[in-house]
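Engineer: Supplied in structure tokens, the structure appears directly below.
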Amino acid sequence: MNQRPGQLTYDRLGGRRLCARHSPDAPYVMTRSPDASFAAMSLTDIYATTNSLADALAENVDLFNLDGSPVWLNKGQLVPMTMNVLHEIIPQHIATKELVNRGTEWVVEYVPYVPDPRTVRDLFSNERREGGLLPRLTKITSSQVSEPRRQKVFVPPV
């Protein structure tokens with residue numbers, strides 16, 4: 001990248017796109033671009049990487065907004081979201097797609113993505129535009145967690 005001295009770039013992914021999977025056994029799929037579609041290509045949007053990551057996590061990992069706090073559904077237990085938990089979840093579900101030369105052939109490899117501390121901190125923002133994860137998560141309340149929802153079934157008249 002041609003960069004002049006003193007010019008800031010914010011492309012922490014180095015032009016790479018994030019891939020995600022629902023579980024450690026599932027295949028990776030390319031994630032969508034962030035809400036601001038131009039943000040992923042912008043060198044001036046400091047939140048482009050965080051927005052992409054937050055979108056990928058919200059769509060592919062069992063994360064919820066429980067009464068205003070992010071939680072992770074892990075093996076039937078609700079785990080409060082902390083920076084340490086995020087550092088555990090992200091490499092399990094998020095990767096970058098890379099082309100690697102194995103000597104005689106080229107292969108695609110998915111390299112687990114390990115975000116920098118600022119990106120993880122930005123995920124805890126309450127603002128969606130600044131990469132906040134919480135505004136992207138499905139909202140639930142304590143009463144919904146303790147009591148299962150009953151679905152009404154429509155029976156057409158005869």
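Identifiers in the structure tokens: chain A, B, ... in order shown; residue index from 1 per chain; ligand index from 1 in order shown.
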Would you kindly return, as a list in words, each protein, DNA or RNA residue with an atom no farther than 7 Å from any atom of range 57-73 of chain A, considering only C-alpha atoms and excluding same-chain residues fewer than 3 positions away?

Structural biologist: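 Within the cut-off, the hits are Ala20, Arg21, His22, Leu53, Ala54, Gly76, Gln77, Leu78, Val79, Pro80, Met81, Leu134, Arg136, Leu137, Thr138, Lys139, Ile140, Thr141 and Ser142 of chain A.
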
Engineer: Produce a file of the selected residues containing N, CA and C atoms, as an mmCIF file, in the first residue's frame.

Structural biologist:
```cif
data_model
loop_
_atom_site.group_PDB
_atom_site.id
_atom_site.type_symbol
_atom_site.label_atom_id
_atom_site.label_comp_id
_atom_site.auth_asym_id
_atom_site.auth_seq_id
_atom_site.Cartn_x
_atom_site.Cartn_y
_atom_site.Cartn_z
ATOM 1 N N ALA A 20 -16.757 -16.659 8.862
ATOM 2 C CA ALA A 20 -17.289 -17.096 10.153
ATOM 3 C C ALA A 20 -17.926 -18.466 10.027
ATOM 4 N N ARG A 21 -18.087 -19.106 11.184
ATOM 5 C CA ARG A 21 -18.781 -20.393 11.229
ATOM 6 C C ARG A 21 -19.602 -20.456 12.508
ATOM 7 N N HIS A 22 -20.683 -21.232 12.468
ATOM 8 C CA HIS A 22 -21.579 -21.333 13.625
ATOM 9 C C HIS A 22 -20.995 -22.174 14.747
ATOM 10 N N LEU A 53 -16.497 -7.335 12.398
ATOM 11 C CA LEU A 53 -16.386 -8.373 13.414
ATOM 12 C C LEU A 53 -17.674 -8.489 14.227
ATOM 13 N N ALA A 54 -18.238 -7.363 14.633
ATOM 14 C CA ALA A 54 -19.477 -7.381 15.419
ATOM 15 C C ALA A 54 -20.615 -8.015 14.622
ATOM 16 N N GLY A 76 -25.445 -24.854 27.048
ATOM 17 C CA GLY A 76 -26.634 -24.751 27.886
ATOM 18 C C GLY A 76 -26.539 -23.756 29.022
ATOM 19 N N GLN A 77 -25.437 -23.043 29.151
ATOM 20 C CA GLN A 77 -25.256 -22.065 30.229
ATOM 21 C C GLN A 77 -25.101 -20.668 29.640
ATOM 22 N N LEU A 78 -25.658 -19.669 30.323
ATOM 23 C CA LEU A 78 -25.468 -18.282 29.911
ATOM 24 C C LEU A 78 -24.203 -17.753 30.580
ATOM 25 N N VAL A 79 -23.241 -17.366 29.753
ATOM 26 C CA VAL A 79 -21.957 -16.872 30.239
ATOM 27 C C VAL A 79 -21.889 -15.364 30.001
ATOM 28 N N PRO A 80 -21.714 -14.558 31.058
ATOM 29 C CA PRO A 80 -21.586 -13.107 30.863
ATOM 30 C C PRO A 80 -20.396 -12.791 29.952
ATOM 31 N N MET A 81 -20.593 -11.847 29.041
ATOM 32 C CA MET A 81 -19.556 -11.483 28.072
ATOM 33 C C MET A 81 -18.522 -10.576 28.727
ATOM 34 N N LEU A 134 -23.478 -5.159 21.428
ATOM 35 C CA LEU A 134 -24.756 -5.231 22.130
ATOM 36 C C LEU A 134 -25.948 -4.788 21.266
ATOM 37 N N ARG A 136 -26.463 -5.162 18.251
ATOM 38 C CA ARG A 136 -26.684 -6.123 17.176
ATOM 39 C C ARG A 136 -27.283 -7.440 17.663
ATOM 40 N N LEU A 137 -27.282 -7.657 18.975
ATOM 41 C CA LEU A 137 -27.703 -8.932 19.535
ATOM 42 C C LEU A 137 -29.204 -9.008 19.756
ATOM 43 N N THR A 138 -29.752 -10.221 19.678
ATOM 44 C CA THR A 138 -31.160 -10.458 19.950
ATOM 45 C C THR A 138 -31.445 -10.133 21.411
ATOM 46 N N LYS A 139 -32.468 -9.292 21.638
ATOM 47 C CA LYS A 139 -32.815 -8.876 22.997
ATOM 48 C C LYS A 139 -33.716 -9.907 23.652
ATOM 49 N N ILE A 140 -33.368 -10.246 24.882
ATOM 50 C CA ILE A 140 -34.211 -11.106 25.703
ATOM 51 C C ILE A 140 -34.249 -10.514 27.108
ATOM 52 N N THR A 141 -35.263 -10.889 27.869
ATOM 53 C CA THR A 141 -35.357 -10.420 29.245
ATOM 54 C C THR A 141 -35.255 -11.618 30.179
ATOM 55 N N SER A 142 -35.032 -11.359 31.433
ATOM 56 C CA SER A 142 -34.920 -12.432 32.427
ATOM 57 C C SER A 142 -36.177 -13.294 32.443
#
```

Engineer: Need to verify the contact set: Met83 in chain A, 9 Å, only C-alpha atoms, exclusion of same-chain residues closer than 6 positions in sequence. Can you return it as JSON, numbers by chain?

Structural biologist: {"A": [117, 120, 121, 124]}

Engineer: Can you list, as JSON, numbers by chain, every residue of range 16-107 of chain A that DSSP puts in alpha helix (DSSP H)?

Structural biologist: {"A": [48, 49, 50, 51, 52, 53, 54, 55, 56, 57, 58, 59, 60, 83, 84, 85, 86, 87, 88, 89, 90, 91, 92, 93]}

Engineer: Can I get the selected residues back with C-alpha atoms, as a PDB file, in the first residue's frame?

Structural biologist:
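Okay, this is what ended up in selection-v3.pdb:
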```pdb
ATOM      1  CA  ALA A  48     -14.655  -0.673   9.851  1.00  0.00           C
ATOM      2  CA  THR A  49     -12.919  -3.752  11.272  1.00  0.00           C
ATOM      3  CA  THR A  50     -14.937  -3.675  14.494  1.00  0.00           C
ATOM      4  CA  ASN A  51     -18.219  -3.325  12.580  1.00  0.00           C
ATOM      5  CA  SER A  52     -17.343  -6.303  10.378  1.00  0.00           C
ATOM      6  CA  LEU A  53     -16.386  -8.373  13.414  1.00  0.00           C
ATOM      7  CA  ALA A  54     -19.477  -7.381  15.419  1.00  0.00           C
ATOM      8  CA  ASP A  55     -21.768  -8.279  12.504  1.00  0.00           C
ATOM      9  CA  ALA A  56     -20.056 -11.653  12.038  1.00  0.00           C
ATOM     10  CA  LEU A  57     -20.262 -12.479  15.756  1.00  0.00           C
ATOM     11  CA  ALA A  58     -23.923 -11.447  16.059  1.00  0.00           C
ATOM     12  CA  GLU A  59     -24.905 -13.565  13.052  1.00  0.00           C
ATOM     13  CA  ASN A  60     -22.869 -16.685  13.760  1.00  0.00           C
ATOM     14  CA  MET A  83     -13.023  -9.354  27.163  1.00  0.00           C
ATOM     15  CA  ASN A  84     -11.539 -12.734  28.124  1.00  0.00           C
ATOM     16  CA  VAL A  85     -14.649 -14.553  26.882  1.00  0.00           C
ATOM     17  CA  LEU A  86     -14.506 -12.633  23.593  1.00  0.00           C
ATOM     18  CA  HIS A  87     -10.837 -13.556  23.159  1.00  0.00           C
ATOM     19  CA  GLU A  88     -11.932 -17.203  23.567  1.00  0.00           C
ATOM     20  CA  ILE A  89     -14.932 -17.009  21.202  1.00  0.00           C
ATOM     21  CA  ILE A  90     -13.481 -15.010  18.306  1.00  0.00           C
ATOM     22  CA  PRO A  91     -10.746 -17.461  17.159  1.00  0.00           C
ATOM     23  CA  GLN A  92     -13.252 -20.345  17.414  1.00  0.00           C
ATOM     24  CA  HIS A  93     -15.737 -18.694  15.058  1.00  0.00           C
TER      25      HIS A  93
END
```

Engineer: Residues at most 7 Å from Glu109 in chain A, counting only C-alpha atoms, excluding those fewer than 3 positions away in the same chain, as a list in words?

Structural biologist: Lys97, Glu98, Leu99 and Val100 of chain A

Engineer: Print the selection's residues with N, CA and C atoms to a file, as an mmCIF file, in the first residue's frame.

Structural biologist:
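result.cif, written as the output of this step:
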```
data_model
loop_
_atom_site.group_PDB
_atom_site.id
_atom_site.type_symbol
_atom_site.label_atom_id
_atom_site.label_comp_id
_atom_site.auth_asym_id
_atom_site.auth_seq_id
_atom_site.Cartn_x
_atom_site.Cartn_y
_atom_site.Cartn_z
ATOM 1 N N LYS A 97 -9.538 -15.674 5.339
ATOM 2 C CA LYS A 97 -9.283 -16.614 4.247
ATOM 3 C C LYS A 97 -7.985 -16.200 3.574
ATOM 4 N N GLU A 98 -7.042 -17.135 3.490
ATOM 5 C CA GLU A 98 -5.750 -16.805 2.905
ATOM 6 C C GLU A 98 -5.348 -17.870 1.885
ATOM 7 N N LEU A 99 -4.620 -17.431 0.881
ATOM 8 C CA LEU A 99 -4.099 -18.320 -0.150
ATOM 9 C C LEU A 99 -2.655 -18.638 0.196
ATOM 10 N N VAL A 100 -2.332 -19.941 0.295
ATOM 11 C CA VAL A 100 -1.011 -20.370 0.747
ATOM 12 C C VAL A 100 -0.402 -21.310 -0.291
#
```

Engineer: Please provide as a PDB file with N, CA and C atoms, in the first residue's frame all residues within 6 Å of Leu18 in chain A, with the sequence filter that same-chain residues fewer than 3 positions apart are discarded (counting only C-alpha atoms).

Structural biologist:
```
ATOM      1  N   THR A  31     -18.388 -13.479   5.466  1.00  0.00           N
ATOM      2  CA  THR A  31     -19.369 -12.646   6.156  1.00  0.00           C
ATOM      3  C   THR A  31     -19.763 -11.468   5.282  1.00  0.00           C
ATOM      4  N   ALA A  95     -12.354 -16.224  11.193  1.00  0.00           N
ATOM      5  CA  ALA A  95     -11.050 -16.463  10.569  1.00  0.00           C
ATOM      6  C   ALA A  95     -10.904 -15.564   9.347  1.00  0.00           C
ATOM      7  N   THR A  96      -9.696 -15.485   8.845  1.00  0.00           N
ATOM      8  CA  THR A  96      -9.456 -14.815   7.572  1.00  0.00           C
ATOM      9  C   THR A  96      -9.088 -15.887   6.554  1.00  0.00           C
TER      10      THR A  96
END
```

Engineer: Pick out the closest residue to Leu133 in chain A from this set: A:Thr82, A:Val107, A:Phe154, A:Arg102. Count only C-alpha atoms.

Structural biologist: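 For Leu133 in chain A, the nearest of the given residues is A:Thr82.
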